[in-house]
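A.B. asks: Below is the file input-v9.txt, which contains compact mmCIF, C-alpha atoms.
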# COMPACT_ATOMS: atom_id res chain seq x y z
CA MET A 1036 -38.52 -41.93 -19.14
CA GLU A 1037 -39.46 -40.83 -15.63
CA ASP A 1038 -36.58 -39.65 -13.44
CA TYR A 1039 -35.76 -42.25 -10.77
CA ARG A 1040 -35.53 -39.45 -8.18
CA LEU A 1041 -39.17 -38.51 -8.71
CA ILE A 1042 -40.20 -42.12 -8.10
CA ALA A 1043 -38.03 -42.16 -4.97
CA ASP A 1044 -39.76 -38.94 -3.87
CA ARG A 1045 -43.16 -40.66 -4.08
CA ILE A 1046 -41.95 -43.64 -2.06
CA ALA A 1047 -40.44 -41.23 0.47
CA ALA A 1048 -43.81 -39.47 0.74
CA ASP A 1049 -45.55 -42.81 1.33
CA ILE A 1050 -43.11 -43.46 4.19
CA ALA A 1051 -43.48 -39.97 5.66
CA GLU A 1052 -47.28 -40.12 5.58
CA GLY A 1053 -47.52 -43.61 7.04
CA ARG A 1054 -48.72 -45.48 3.97
CA LEU A 1055 -45.49 -47.47 4.20
CA ARG A 1056 -44.66 -48.25 7.82
CA PRO A 1057 -41.37 -49.08 9.55
CA GLY A 1058 -40.45 -52.68 8.83
CA ASP A 1059 -42.61 -52.97 5.69
CA ARG A 1060 -40.91 -54.90 2.92
CA LEU A 1061 -40.66 -53.36 -0.52
CA PRO A 1062 -41.31 -55.67 -3.49
CA PRO A 1063 -38.37 -57.23 -5.34
CA GLN A 1064 -36.86 -54.80 -7.80
CA ARG A 1065 -38.16 -56.58 -10.91
CA GLN A 1066 -41.67 -56.62 -9.51
CA PHE A 1067 -41.32 -52.95 -8.56
CA ALA A 1068 -40.19 -52.19 -12.13
CA ARG A 1069 -43.22 -53.93 -13.66
CA ARG A 1070 -45.61 -52.20 -11.22
CA HIS A 1071 -44.25 -48.76 -12.12
CA ALA A 1072 -43.65 -49.52 -15.81
CA ILE A 1073 -39.98 -48.69 -15.60
CA ALA A 1074 -36.77 -50.48 -16.53
CA ALA A 1075 -35.15 -52.81 -14.05
CA SER A 1076 -32.07 -50.57 -14.03
CA THR A 1077 -34.26 -47.59 -13.07
CA ALA A 1078 -35.83 -49.59 -10.25
CA ALA A 1079 -32.33 -50.40 -8.98
CA ARG A 1080 -31.48 -46.69 -8.96
CA VAL A 1081 -34.69 -45.93 -7.03
CA TYR A 1082 -33.77 -48.48 -4.37
CA THR A 1083 -30.22 -47.12 -4.18
CA GLU A 1084 -31.57 -43.59 -3.75
CA LEU A 1085 -33.95 -44.64 -0.97
CA ALA A 1086 -31.08 -46.32 0.88
CA ARG A 1087 -28.88 -43.25 0.36
CA ARG A 1088 -31.56 -41.09 2.00
CA GLY A 1089 -31.62 -43.43 4.98
CA LEU A 1090 -35.23 -44.50 4.33
CA THR A 1091 -34.66 -48.19 3.62
CA VAL A 1092 -32.26 -50.93 4.58
CA GLY A 1093 -31.37 -53.95 2.45
CA GLU A 1094 -30.68 -57.39 3.85
CA VAL A 1095 -28.98 -60.09 1.82
CA GLY A 1096 -31.41 -62.93 1.12
CA ARG A 1097 -34.39 -61.13 2.69
CA GLY A 1098 -35.05 -58.01 0.67
CA THR A 1099 -35.43 -54.28 1.19
CA PHE A 1100 -37.31 -52.88 4.21
CA VAL A 1101 -38.49 -49.47 5.33
CA ARG A 1102 -36.04 -48.35 7.97
CA ALA A 1103 -37.59 -47.99 11.41
CA THR A 1104 -35.59 -44.88 12.27
CA PRO A 1105 -33.75 -42.49 9.96
CA ILE A 1106 -29.99 -42.46 9.98
CA ALA A 1107 -28.87 -40.11 12.73
CA PRO A 1108 -27.06 -37.01 11.48
CA GLY A 1109 -24.53 -37.22 14.32
CA PRO A 1110 -22.27 -40.03 15.55
CA TRP A 1111 -23.60 -43.21 17.11
CA LEU A 1112 -24.16 -42.99 20.85
CA SER A 1113 -24.17 -39.21 20.72
CA GLU A 1114 -25.37 -37.14 23.64
CA PRO A 1115 -29.15 -36.61 23.73
CA ALA A 1116 -30.27 -33.08 22.91
CA ASP A 1117 -32.14 -32.89 26.22
CA PRO A 1118 -30.90 -35.28 28.96
CA SER A 1119 -34.03 -34.52 31.00
CA ALA A 1120 -36.43 -35.52 28.22
CA GLY A 1121 -37.83 -38.36 30.32
CA ARG A 1122 -36.64 -41.40 28.39
CA VAL A 1123 -35.19 -44.46 30.10
CA GLU A 1124 -31.50 -44.39 29.23
CA LEU A 1125 -30.37 -47.93 28.41
CA GLY A 1126 -28.28 -46.80 25.45
CA MET A 1127 -25.39 -45.16 27.30
CA ASN A 1128 -23.72 -46.23 30.53
CA ARG A 1129 -23.64 -43.19 32.80
CA PRO A 1130 -23.02 -44.53 36.31
CA GLY A 1131 -23.23 -41.52 38.60
CA ALA A 1132 -22.37 -41.04 42.23
CA SER A 1133 -25.13 -42.05 44.66
CA PRO A 1134 -25.96 -39.73 47.57
CA ASP A 1135 -23.82 -41.88 49.88
CA HIS A 1136 -20.93 -41.72 47.44
CA ALA A 1137 -21.34 -37.98 47.01
CA ALA A 1138 -20.94 -37.56 50.77
CA LEU A 1139 -17.72 -39.57 50.64
CA LEU A 1140 -16.44 -37.44 47.78
CA ALA A 1141 -17.30 -34.24 49.65
CA ARG A 1142 -15.36 -35.34 52.72
CA GLY A 1143 -12.36 -36.08 50.53
CA LEU A 1144 -12.42 -32.54 49.19
CA SER A 1145 -12.60 -30.80 52.57
CA GLY A 1146 -8.85 -30.29 52.69
CA MET A 1147 -8.92 -28.43 49.39
CA LEU A 1148 -10.71 -25.45 50.94
CA ARG A 1149 -7.44 -24.05 52.28
CA ALA A 1150 -6.30 -21.14 50.13
CA ASP A 1151 -2.81 -22.53 49.48
CA VAL A 1152 -4.13 -25.97 48.52
CA LEU A 1153 -6.79 -24.48 46.25
CA THR A 1154 -4.24 -22.21 44.61
CA ALA A 1155 -2.06 -25.21 43.80
CA ALA A 1156 -5.08 -27.17 42.51
CA LEU A 1157 -5.92 -24.39 40.07
CA TRP A 1158 -2.39 -24.11 38.71
CA GLN A 1159 -1.78 -25.52 35.23
CA VAL A 1160 -0.43 -29.08 35.02
CA GLY A 1161 1.09 -30.93 32.10
CA ALA A 1162 0.66 -34.42 30.71
CA ARG A 1163 2.72 -35.90 33.56
CA GLY A 1164 0.56 -34.31 36.26
CA THR A 1165 2.16 -33.94 39.68
CA PRO A 1166 4.31 -36.30 41.75
CA GLU A 1167 1.37 -36.74 44.16
CA ALA A 1168 -0.97 -37.61 41.29
CA ARG A 1169 1.44 -40.17 39.84
CA ALA A 1170 1.92 -41.84 43.22
CA ALA A 1171 -1.83 -41.91 43.90
CA ALA A 1172 -2.59 -43.39 40.47
CA SER A 1173 0.06 -46.06 40.91
CA ALA A 1174 -1.28 -47.16 44.30
CA GLY A 1175 -4.99 -46.58 43.66
CA LEU A 1176 -5.28 -48.30 40.27
CA ALA A 1177 -3.02 -51.31 40.89
CA ARG A 1178 -4.65 -54.72 40.56
CA ALA A 1179 -4.00 -58.45 40.01
CA GLY A 1180 -0.23 -58.36 40.00
CA TRP A 1181 0.00 -55.11 38.04
CA THR A 1182 1.18 -51.79 39.48
CA PRO A 1183 1.54 -48.78 37.17
CA ASP A 1184 4.98 -47.20 37.07
CA PRO A 1185 4.64 -43.57 38.30
CA ALA A 1186 7.51 -42.54 36.03
CA HIS A 1187 5.51 -43.54 32.96
CA THR A 1188 2.03 -42.35 33.96
CA LEU A 1189 0.31 -39.66 31.88
CA PHE A 1190 -2.92 -37.79 32.67
CA THR A 1191 -5.64 -36.71 30.25
CA ALA A 1192 -9.12 -35.18 30.38
CA GLY A 1193 -10.74 -38.64 30.16
CA ALA A 1194 -10.34 -42.03 28.51
CA ARG A 1195 -11.32 -40.71 25.08
CA GLN A 1196 -8.56 -38.13 25.25
CA ALA A 1197 -6.08 -40.82 26.29
CA ILE A 1198 -7.17 -42.96 23.34
CA ALA A 1199 -6.94 -39.98 20.98
CA ALA A 1200 -3.46 -39.06 22.14
CA THR A 1201 -2.20 -42.63 21.91
CA ILE A 1202 -3.61 -43.25 18.43
CA SER A 1203 -2.27 -39.88 17.29
CA ALA A 1204 1.19 -40.75 18.61
CA LEU A 1205 1.34 -44.29 17.25
CA VAL A 1206 -0.61 -44.30 13.97
CA PRO A 1207 0.15 -41.67 11.28
CA PRO A 1208 -2.72 -40.48 9.05
CA GLY A 1209 -3.47 -42.98 6.30
CA GLU A 1210 -2.02 -45.90 8.26
CA ARG A 1211 -3.92 -48.86 9.75
CA LEU A 1212 -5.19 -49.57 13.27
CA GLY A 1213 -6.43 -53.06 14.13
CA VAL A 1214 -9.63 -53.19 16.21
CA GLU A 1215 -11.96 -55.93 17.33
CA ARG A 1216 -14.87 -56.59 14.98
CA PHE A 1217 -17.10 -54.93 17.58
CA THR A 1218 -15.40 -51.91 19.09
CA TYR A 1219 -15.97 -48.77 21.17
CA PRO A 1220 -17.70 -46.22 18.86
CA PRO A 1221 -15.85 -43.09 20.09
CA ALA A 1222 -12.53 -44.85 19.47
CA ALA A 1223 -13.61 -45.53 15.90
CA GLY A 1224 -14.71 -41.92 15.54
CA ILE A 1225 -11.41 -40.64 16.89
CA ALA A 1226 -9.50 -42.79 14.40
CA ALA A 1227 -11.62 -41.48 11.54
CA ARG A 1228 -10.99 -37.86 12.52
CA LEU A 1229 -7.25 -38.57 12.68
CA GLY A 1230 -7.32 -40.07 9.18
CA VAL A 1231 -6.56 -43.57 10.46
CA THR A 1232 -7.94 -46.64 8.68
CA LEU A 1233 -9.65 -49.18 10.94
CA VAL A 1234 -9.03 -52.87 10.26
CA PRO A 1235 -11.68 -55.10 11.92
CA LEU A 1236 -10.30 -58.28 13.49
CA GLU A 1237 -12.44 -61.39 13.85
CA MET A 1238 -13.46 -62.54 17.33
CA ASP A 1239 -14.74 -65.70 18.97
CA GLU A 1240 -16.17 -66.46 22.40
CA ASP A 1241 -12.77 -65.67 24.00
CA GLY A 1242 -12.23 -62.32 22.30
CA VAL A 1243 -10.02 -61.28 19.40
CA ARG A 1244 -8.36 -64.18 17.56
CA PRO A 1245 -4.56 -64.07 17.47
CA ASP A 1246 -4.53 -65.67 14.01
CA ALA A 1247 -6.81 -62.89 12.72
CA LEU A 1248 -4.44 -60.28 14.15
CA ARG A 1249 -1.42 -61.94 12.55
CA ALA A 1250 -3.15 -62.37 9.18
CA ALA A 1251 -4.29 -58.73 9.08
CA HIS A 1252 -0.77 -57.53 9.84
CA GLN A 1253 0.75 -59.80 7.19
CA ARG A 1254 -1.67 -58.57 4.49
CA THR A 1255 -0.76 -54.91 5.06
CA PRO A 1256 1.18 -53.96 8.19
CA LEU A 1257 -0.74 -52.46 11.08
CA ARG A 1258 0.79 -49.62 13.07
CA ALA A 1259 -1.01 -50.54 16.32
CA VAL A 1260 -3.98 -52.48 17.68
CA TYR A 1261 -6.74 -51.29 20.02
CA LEU A 1262 -8.40 -53.95 22.21
CA GLN A 1263 -10.82 -54.24 25.15
CA PRO A 1264 -9.76 -57.51 26.80
CA THR A 1265 -11.75 -57.09 30.05
CA LEU A 1266 -15.56 -56.81 30.00
CA HIS A 1267 -15.55 -55.96 26.33
CA ASN A 1268 -17.94 -53.24 25.26
CA PRO A 1269 -20.45 -54.30 23.92
CA LEU A 1270 -19.99 -58.10 24.07
CA THR A 1271 -19.07 -58.36 27.82
CA VAL A 1272 -16.32 -60.88 26.92
CA THR A 1273 -13.31 -61.13 29.23
CA MET A 1274 -10.35 -62.87 27.64
CA PRO A 1275 -9.40 -66.04 29.55
CA PRO A 1276 -5.74 -66.53 30.54
CA HIS A 1277 -4.81 -68.71 27.56
CA ARG A 1278 -6.15 -66.16 25.08
CA ARG A 1279 -4.40 -63.28 26.86
CA GLU A 1280 -1.12 -65.15 26.65
CA ALA A 1281 -1.66 -65.89 22.95
CA VAL A 1282 -2.55 -62.27 22.11
CA ALA A 1283 0.40 -60.95 24.11
CA ALA A 1284 2.75 -63.39 22.37
CA THR A 1285 1.43 -62.29 18.97
CA VAL A 1286 1.92 -58.62 19.80
CA ARG A 1287 5.47 -59.29 20.94
CA GLU A 1288 6.21 -61.42 17.86
CA LEU A 1289 4.91 -58.73 15.48
CA ASP A 1290 6.51 -55.93 17.53
CA LEU A 1291 3.15 -54.19 17.42
CA PRO A 1292 2.04 -51.47 19.90
CA LEU A 1293 -1.13 -52.40 21.78
CA ILE A 1294 -3.64 -49.91 23.18
CA GLU A 1295 -5.45 -51.70 26.03
CA ASP A 1296 -8.75 -50.05 26.98
CA ALA A 1297 -9.28 -50.93 30.64
CA VAL A 1298 -12.07 -48.53 31.67
CA PHE A 1299 -14.35 -51.37 32.84
CA SER A 1300 -11.55 -53.36 34.46
CA PHE A 1301 -12.34 -52.10 37.98
CA LEU A 1302 -15.37 -54.43 37.83
CA ARG A 1303 -13.03 -57.43 37.29
CA GLU A 1304 -9.99 -56.72 39.44
CA ASP A 1305 -9.18 -60.43 39.55
CA VAL A 1306 -7.94 -60.33 35.94
CA PRO A 1307 -4.40 -59.08 35.20
CA PRO A 1308 -4.19 -56.72 32.21
CA LEU A 1309 -2.39 -57.52 28.98
CA ALA A 1310 0.15 -54.94 30.12
CA VAL A 1311 1.51 -57.59 32.51
CA LEU A 1312 2.18 -59.98 29.62
CA ALA A 1313 3.45 -57.47 27.07
CA PRO A 1314 4.74 -54.54 29.16
CA ASP A 1315 7.08 -53.17 26.49
CA HIS A 1316 4.31 -52.99 23.88
CA THR A 1317 1.18 -52.02 25.84
CA VAL A 1318 -0.28 -48.60 26.53
CA LEU A 1319 -3.03 -49.15 29.11
CA VAL A 1320 -5.81 -46.54 29.04
CA GLU A 1321 -7.92 -45.98 32.18
CA SER A 1322 -10.49 -43.48 33.42
CA LEU A 1323 -12.39 -42.51 36.57
CA SER A 1324 -15.72 -41.74 34.86
CA LYS A 1325 -17.03 -45.30 35.29
CA ARG A 1326 -15.11 -46.03 38.47
CA ILE A 1327 -16.27 -42.92 40.38
CA SER A 1328 -18.76 -40.78 38.42
CA ALA A 1329 -19.55 -39.95 34.82
CA GLY A 1330 -18.75 -36.26 35.31
CA LEU A 1331 -15.21 -36.89 36.58
CA THR A 1332 -13.16 -36.39 33.44
CA VAL A 1333 -9.75 -37.71 34.43
CA GLY A 1334 -8.05 -40.30 32.26
CA PHE A 1335 -4.72 -42.13 32.34
CA ALA A 1336 -2.27 -43.56 29.85
CA PHE A 1337 0.19 -45.97 31.43
CA THR A 1338 2.96 -46.27 28.87
CA PRO A 1339 6.04 -48.38 28.14
CA PRO A 1340 9.22 -46.37 28.77
CA ALA A 1341 10.06 -46.22 25.06
CA LEU A 1342 6.72 -44.56 24.23
CA THR A 1343 6.21 -42.22 27.19
CA GLU A 1344 7.63 -39.03 25.70
CA GLN A 1345 6.06 -39.65 22.31
CA ILE A 1346 2.58 -40.00 23.83
CA ALA A 1347 3.16 -37.14 26.30
CA THR A 1348 3.94 -34.89 23.34
CA ALA A 1349 0.69 -35.95 21.67
CA VAL A 1350 -1.27 -35.20 24.87
CA ARG A 1351 0.20 -31.70 25.02
CA SER A 1352 -0.13 -30.90 21.32
CA GLY A 1353 -3.72 -32.14 21.19
CA ALA A 1354 -4.70 -30.14 24.30
CA TRP A 1355 -5.86 -33.42 25.85
CA THR A 1356 -4.37 -32.75 29.31
CA ALA A 1357 -6.42 -33.15 32.50
CA ALA A 1358 -8.07 -30.16 34.13
CA PRO A 1359 -5.94 -29.23 37.19
CA TYR A 1360 -8.81 -29.09 39.71
CA ALA A 1361 -10.27 -32.42 38.54
CA LEU A 1362 -6.83 -34.03 38.74
CA ALA A 1363 -6.25 -32.64 42.25
CA ALA A 1364 -9.62 -33.98 43.41
CA ALA A 1365 -8.96 -37.37 41.81
CA THR A 1366 -5.57 -37.53 43.48
CA ARG A 1367 -7.16 -37.12 46.91
CA TRP A 1368 -9.88 -39.72 46.23
CA LEU A 1369 -7.34 -42.25 44.98
CA ALA A 1370 -4.98 -41.64 47.88
CA ASP A 1371 -7.50 -41.69 50.75
CA GLY A 1372 -9.34 -44.84 49.62
CA THR A 1373 -12.54 -43.09 48.50
CA ALA A 1374 -12.13 -44.31 44.93
CA ALA A 1375 -11.60 -47.89 46.11
CA THR A 1376 -14.70 -47.76 48.36
CA ILE A 1377 -16.91 -46.49 45.54
CA ALA A 1378 -15.49 -49.03 43.07
CA ALA A 1379 -16.27 -51.88 45.49
CA ALA A 1380 -19.84 -50.61 45.87
CA LYS A 1381 -20.21 -50.43 42.10
CA ARG A 1382 -19.11 -54.04 41.76
CA GLU A 1383 -21.88 -55.05 44.14
CA GLU A 1384 -24.35 -52.82 42.30
CA ALA A 1385 -23.45 -54.35 38.93
CA ALA A 1386 -24.27 -57.81 40.29
CA VAL A 1387 -27.70 -56.61 41.46
CA ARG A 1388 -28.51 -55.10 38.08
CA GLN A 1389 -27.33 -58.20 36.26
CA ARG A 1390 -29.73 -60.28 38.37
CA ILE A 1391 -32.60 -58.01 37.30
CA ALA A 1392 -31.59 -58.41 33.66
CA ARG A 1393 -31.21 -62.17 33.99
CA GLU A 1394 -34.71 -62.51 35.43
CA ARG A 1395 -36.41 -60.18 32.97
CA LEU A 1396 -34.65 -61.49 29.86
CA ALA A 1397 -34.83 -65.18 30.76
CA GLY A 1398 -35.36 -67.36 27.71
CA PHE A 1399 -33.67 -64.98 25.27
CA THR A 1400 -30.18 -65.18 23.78
CA VAL A 1401 -28.30 -62.81 26.06
CA ARG A 1402 -24.55 -62.60 26.60
CA ALA A 1403 -23.61 -61.18 29.98
CA ASP A 1404 -21.09 -61.21 32.80
CA GLU A 1405 -22.47 -60.88 36.31
CA ARG A 1406 -19.88 -58.14 36.97
CA SER A 1407 -20.61 -56.10 33.85
CA ASP A 1408 -22.57 -52.85 33.49
CA HIS A 1409 -24.19 -54.01 30.22
CA VAL A 1410 -25.57 -57.03 28.37
CA TRP A 1411 -25.61 -58.05 24.69
CA TRP A 1412 -28.98 -59.25 23.40
CA GLU A 1413 -29.35 -61.16 20.13
CA LEU A 1414 -32.92 -60.36 19.15
CA PRO A 1415 -35.37 -63.12 18.28
CA ALA A 1416 -36.64 -63.37 14.70
CA PRO A 1417 -38.38 -61.67 13.00
CA TRP A 1418 -37.18 -58.60 14.89
CA ARG A 1419 -34.46 -56.49 13.29
CA ALA A 1420 -32.35 -54.11 15.32
CA ASP A 1421 -33.75 -50.95 13.71
CA THR A 1422 -37.40 -51.96 14.11
CA PHE A 1423 -36.81 -53.04 17.71
CA LEU A 1424 -35.07 -49.76 18.54
CA ALA A 1425 -38.00 -47.87 17.05
CA ALA A 1426 -40.51 -49.90 19.09
CA ALA A 1427 -38.47 -49.39 22.26
CA SER A 1428 -38.22 -45.67 21.55
CA ARG A 1429 -42.01 -45.40 21.30
CA HIS A 1430 -42.06 -46.73 24.87
CA GLY A 1431 -39.51 -44.11 25.93
CA ILE A 1432 -36.56 -46.54 26.12
CA ALA A 1433 -33.20 -45.78 24.49
CA LEU A 1434 -30.97 -48.68 23.38
CA ALA A 1435 -27.74 -49.02 21.39
CA PRO A 1436 -27.85 -51.15 18.20
CA ALA A 1437 -25.14 -53.57 17.16
CA ALA A 1438 -24.44 -51.30 14.16
CA ALA A 1439 -23.10 -48.66 16.57
CA PHE A 1440 -20.18 -50.91 17.46
CA THR A 1441 -19.04 -52.21 14.09
CA THR A 1442 -17.02 -50.74 11.24
CA SER A 1443 -19.49 -52.36 8.78
CA PRO A 1444 -22.98 -51.30 9.98
CA ALA A 1445 -24.68 -52.87 6.96
CA HIS A 1446 -23.49 -56.31 8.11
CA ALA A 1447 -24.25 -55.90 11.81
CA PRO A 1448 -26.28 -58.65 13.49
CA HIS A 1449 -29.77 -58.03 14.82
CA ALA A 1450 -28.64 -57.35 18.37
CA VAL A 1451 -28.62 -54.53 20.91
CA ARG A 1452 -26.47 -53.55 23.85
CA ILE A 1453 -28.41 -52.73 27.00
CA ALA A 1454 -26.64 -50.42 29.45
CA LEU A 1455 -27.79 -51.20 32.99
CA ALA A 1456 -26.03 -48.64 35.17
CA THR A 1457 -28.09 -45.46 34.83
CA PRO A 1458 -31.77 -45.94 35.89
CA SER A 1459 -33.05 -46.91 39.34
CA HIS A 1460 -33.66 -50.59 40.06
CA GLN A 1461 -37.41 -50.09 39.75
CA VAL A 1462 -37.18 -48.25 36.43
CA LEU A 1463 -34.66 -50.77 35.07
CA ASP A 1464 -36.90 -53.69 36.03
CA ALA A 1465 -39.94 -52.11 34.38
CA ALA A 1466 -38.05 -51.14 31.23
CA LEU A 1467 -36.56 -54.60 30.77
CA GLY A 1468 -40.00 -56.11 31.31
CA THR A 1469 -41.38 -53.88 28.54
CA LEU A 1470 -38.54 -54.88 26.20
CA ALA A 1471 -39.13 -58.57 26.90
CA GLU A 1472 -42.84 -58.17 26.15
CA LEU A 1473 -42.01 -56.43 22.89
CA ALA A 1474 -39.56 -59.17 21.89
CA ARG A 1475 -42.17 -61.86 22.49
CA SER A 1476 -44.55 -60.11 20.10
CA ARG A 1477 -44.14 -59.65 16.37
CA PRO A 1478 -43.14 -56.28 14.90
CA GLU A 1479 -46.58 -55.77 13.36
CA GLU A 1480 -48.17 -56.45 16.76
CA ALA A 1481 -45.87 -54.10 18.69
CA ARG A 1482 -48.05 -51.02 18.29
CA GLU A 1483 -50.90 -52.87 19.97
CA LEU A 1484 -48.75 -53.11 23.12
CA GLU A 1485 -48.36 -49.32 23.37
Take the structure from the file and write it as structure tokens.
C.D. replies:
Amino acid sequence: MEDYRLIADRIAADIAEGRLRPGDRLPPQRQFARRHAIAASTAARVYTELARRGLTVGEVGRGTFVRATPIAPGPWLSEPADPSAGRVELGMNRPGASPDHAALLARGLSGMLRADVLTAALWQVGARGTPEARAAASAGLARAGWTPDPAHTLFTAGARQAIAATISALVPPGERLGVERFTYPPAAGIAARLGVTLVPLEMDEDGVRPDALRAAHQRTPLRAVYLQPTLHNPLTVTMPPHRREAVAATVRELDLPLIEDAVFSFLREDVPPLAVLAPDHTVLVESLSKRISAGLTVGFAFTPPALTEQIATAVRSGAWTAAPYALAAATRWLADGTAATIAAAKREEAAVRQRIARERLAGFTVRADERSDHVWWELPAPWRADTFLAAASRHGIALAPAAAFTTSPAHAPHAVRIALATPSHQVLDAALGTLAELARSRPEEARELE
């Protein structure tokens, strides 16, 4: 009997040499077995081997298809090997500082050129930063009836570090962390590296469902829950007041720590955070990378009094503290209003980019918020996410698939997140026009559009 791996090798060669193309459907396993004169069990092993190699993808009720792109060896949404490679970046949101904003930032740093000030800015700081930094964060990040308590403000080298420290402090290895069904990929990666089990929680049009949170905790207790209640990434959902109250009440009832990811909240300052409704249970994580510029790696963890020292210890032991110079610069920009000016401009910019997306993607099933930096696009049949990503890539456009945001990639919907913040208006408009043209064609016709 022929080894199933040799048969898989031949199919792999057909894929590599173009005889089987991305999106092609393989025959049903019984038909494949008859064609190759092998047992049905051997055919099943061939198909399993092809999927293991990342060459095919199976879809319940539809069959097995040649995967459009191989499984990436690194994590989803990883950094490109060469950021200057010329592709249109719609996969990652990297809002930088415009020339006007850079001039504002430069003026804010002028006072740091004094030798004594610079010496202080280069001195090591701990998780609690400096009194000036705590006061500036409290005043500069307050919104909608919420003002951070300077006494319980911690500083990290970015939002990811704040998330890592908080998960590390609250969820021991082997224990369970509740997350929305679609969640921030680096947060999922951090949990995996810490040995934490993710428990996906069902969502609806208003965000995570409180009954799903309660049921998950009752099955096997959770140690904490991580949520994005404002401009959810990737779905753009902002929890309405009634849902926020219900989630906060559930967290209080279950006595469950909540990690609130608020990095996009500066685009919706009209919405109070969950920390207002469950202050004794909520650790609110913030960052300046979206608010000011992607290269500014300063993050915040605003903690309940009972958890401050525990999380501060995790920040120190994980070496997740903020860089002193970056923290000193951020303190000045928060205190002198520069951060607020740039955030206001970015809110206006997000609305402009959403209008471009709305015009270019008219007629498609797109979920968006006019204040968000991204949209969620449910692709029209017969497109699948992997074949659409491959077609977009051939046009030099990078996107993020739904599978990047779920703990069960095999069951992800055929959807993509489009990040709007990075390219110029002209490039964004052209790229979205290209994507719309692709979506209106069929996968087998897409190459004719190149």
A.B. asks: Determine, using only C-alpha atoms, which residues of stretch 1255-1307 of chain A have any atom at most 7 Å from an atom of stretch 1407-1420 of chain A, and tabulate each with its shortest atom pair and distance in Å to one decimal place, rows ordered by chain and then rising number, as a Markdown table.
C.D. replies:
| residue | atom | partner | partner_atom | distance |
| --- | --- | --- | --- | --- |
| A:Leu1266 | CA | A:Ser1407 | CA | 6.4 |
| A:Pro1269 | CA | A:Trp1411 | CA | 6.4 |
| A:Leu1270 | CA | A:Trp1411 | CA | 5.7 |
| A:Thr1271 | CA | A:Ser1407 | CA | 6.6 |
| A:Leu1302 | CA | A:Ser1407 | CA | 6.8 |
A.B. asks: Could you make a table, as a Markdown table, of the residues of stretch 1153-1222 of chain A that have an atom within 6 Å of an atom of stretch 1335-1355 of chain A, each with its nearest atom pair and distance in Å to one decimal, counting only C-alpha atoms, in chain and number order?
C.D. replies:
| residue | atom | partner | partner_atom | distance |
| --- | --- | --- | --- | --- |
| A:Ala1162 | CA | A:Ala1347 | CA | 5.8 |
| A:His1187 | CA | A:Thr1338 | CA | 5.5 |
| A:Thr1188 | CA | A:Phe1337 | CA | 4.8 |
| A:Leu1189 | CA | A:Ala1336 | CA | 5.1 |
| A:Phe1190 | CA | A:Phe1335 | CA | 4.7 |
| A:Thr1191 | CA | A:Trp1355 | CA | 5.5 |
| A:Ala1192 | CA | A:Trp1355 | CA | 5.9 |
| A:Gln1196 | CA | A:Trp1355 | CA | 5.5 |
| A:Ala1197 | CA | A:Ala1336 | CA | 5.9 |
| A:Ala1200 | CA | A:Ala1349 | CA | 5.2 |
| A:Thr1201 | CA | A:Ile1346 | CA | 5.8 |
| A:Ala1204 | CA | A:Ile1346 | CA | 5.5 |
A.B. asks: Leaving out A:Asp1305 and any residue of its chain fewer than 6 positions from it, which residues lie within 10 Å of it when counting only C-alpha atoms, given as number ranges by chain?
C.D. replies: A: 1178-1180
A.B. asks: Taking 6 positions as the minimum chain separation for residues in the same chain, which residues sit within 9 Å of A:Leu1312 when counting all atoms listed in the file? Answer as a ChimeraX atom specification.
C.D. replies: /A:1279-1280,1283-1284
A.B. asks: Edge lengths and centre in Å to one decimal, as AutoDock Vina command-line options, is what I'm after for the box along x, y and z that holds all listed atoms of stretch 1286-1296 of chain A once 8 Å is added on each side.
C.D. replies:
--center_x -1.1 --center_y -55.7 --center_z 21.2 --size_x 31.3 --size_y 27.5 --size_z 27.5
A.B. asks: Using only C-alpha atoms, pick whichever of A:Asp1239, A:Gly1213, A:Leu1473, A:Pro1275 has the shortest atom-to-atom distance to A:Thr1255.
C.D. replies: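 Selected residue with least distance to A:Thr1255: A:Gly1213.
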A.B. asks: What is the atom CA of A:Arg1045-atom CA of A:Leu1085 distance in Å, reported with one decimal?
C.D. replies: 10.5 Å
A.B. asks: I'd like the neighbourhood of A:Glu1288 as a list in words, where a residue qualifies if any of its atoms comes within 12 Å (using all atoms listed in the file), though same-chain residues fewer than 3 positions away should be ignored.
C.D. replies: Pro1245, Leu1248, Arg1249, His1252, Ala1281, Val1282, Ala1283, Ala1284, Thr1285, Leu1291, Pro1292, Ala1313, Asp1315 and His1316 of chain A
A.B. asks: Within 8 Å of stretch 1317-1330 of chain A, counting only C-alpha atoms, which residues qualify if same-chain residues fewer than 2 places away don't, as JSON, numbers by chain?
C.D. replies: {"A": [1129, 1130, 1131, 1132, 1193, 1194, 1197, 1198, 1201, 1292, 1293, 1294, 1295, 1296, 1297, 1298, 1299, 1301, 1309, 1310, 1313, 1314, 1315, 1332, 1333, 1334, 1335, 1336, 1337, 1338, 1339, 1374, 1377, 1378, 1381]}
A.B. asks: Take atom CA of A:Arg1388 and atom CA of A:Arg1477 and report the distance between them in Å, one decimal.
C.D. replies: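 So the two atoms, atom CA of A:Arg1388 and atom CA of A:Arg1477, lie 27.1 Å apart.
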A.B. asks: If we count only C-alpha atoms, what is near stretch 1222-1232 of chain A at a cut-off of 7 Å, once residues fewer than 5 positions away on the same chain are taken out, given as JSON, numbers by chain?
C.D. replies: {"A": [1198, 1199, 1203, 1206, 1208, 1209, 1210, 1211, 1212]}
A.B. asks: Would you mind reading off the distance between atom CA of A:Ala1385 and atom CA of A:Asn1128, one decimal, in Å?
C.D. replies: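 Straight-line distance from atom CA of A:Ala1385 to atom CA of A:Asn1128 works out to 11.7 Å.
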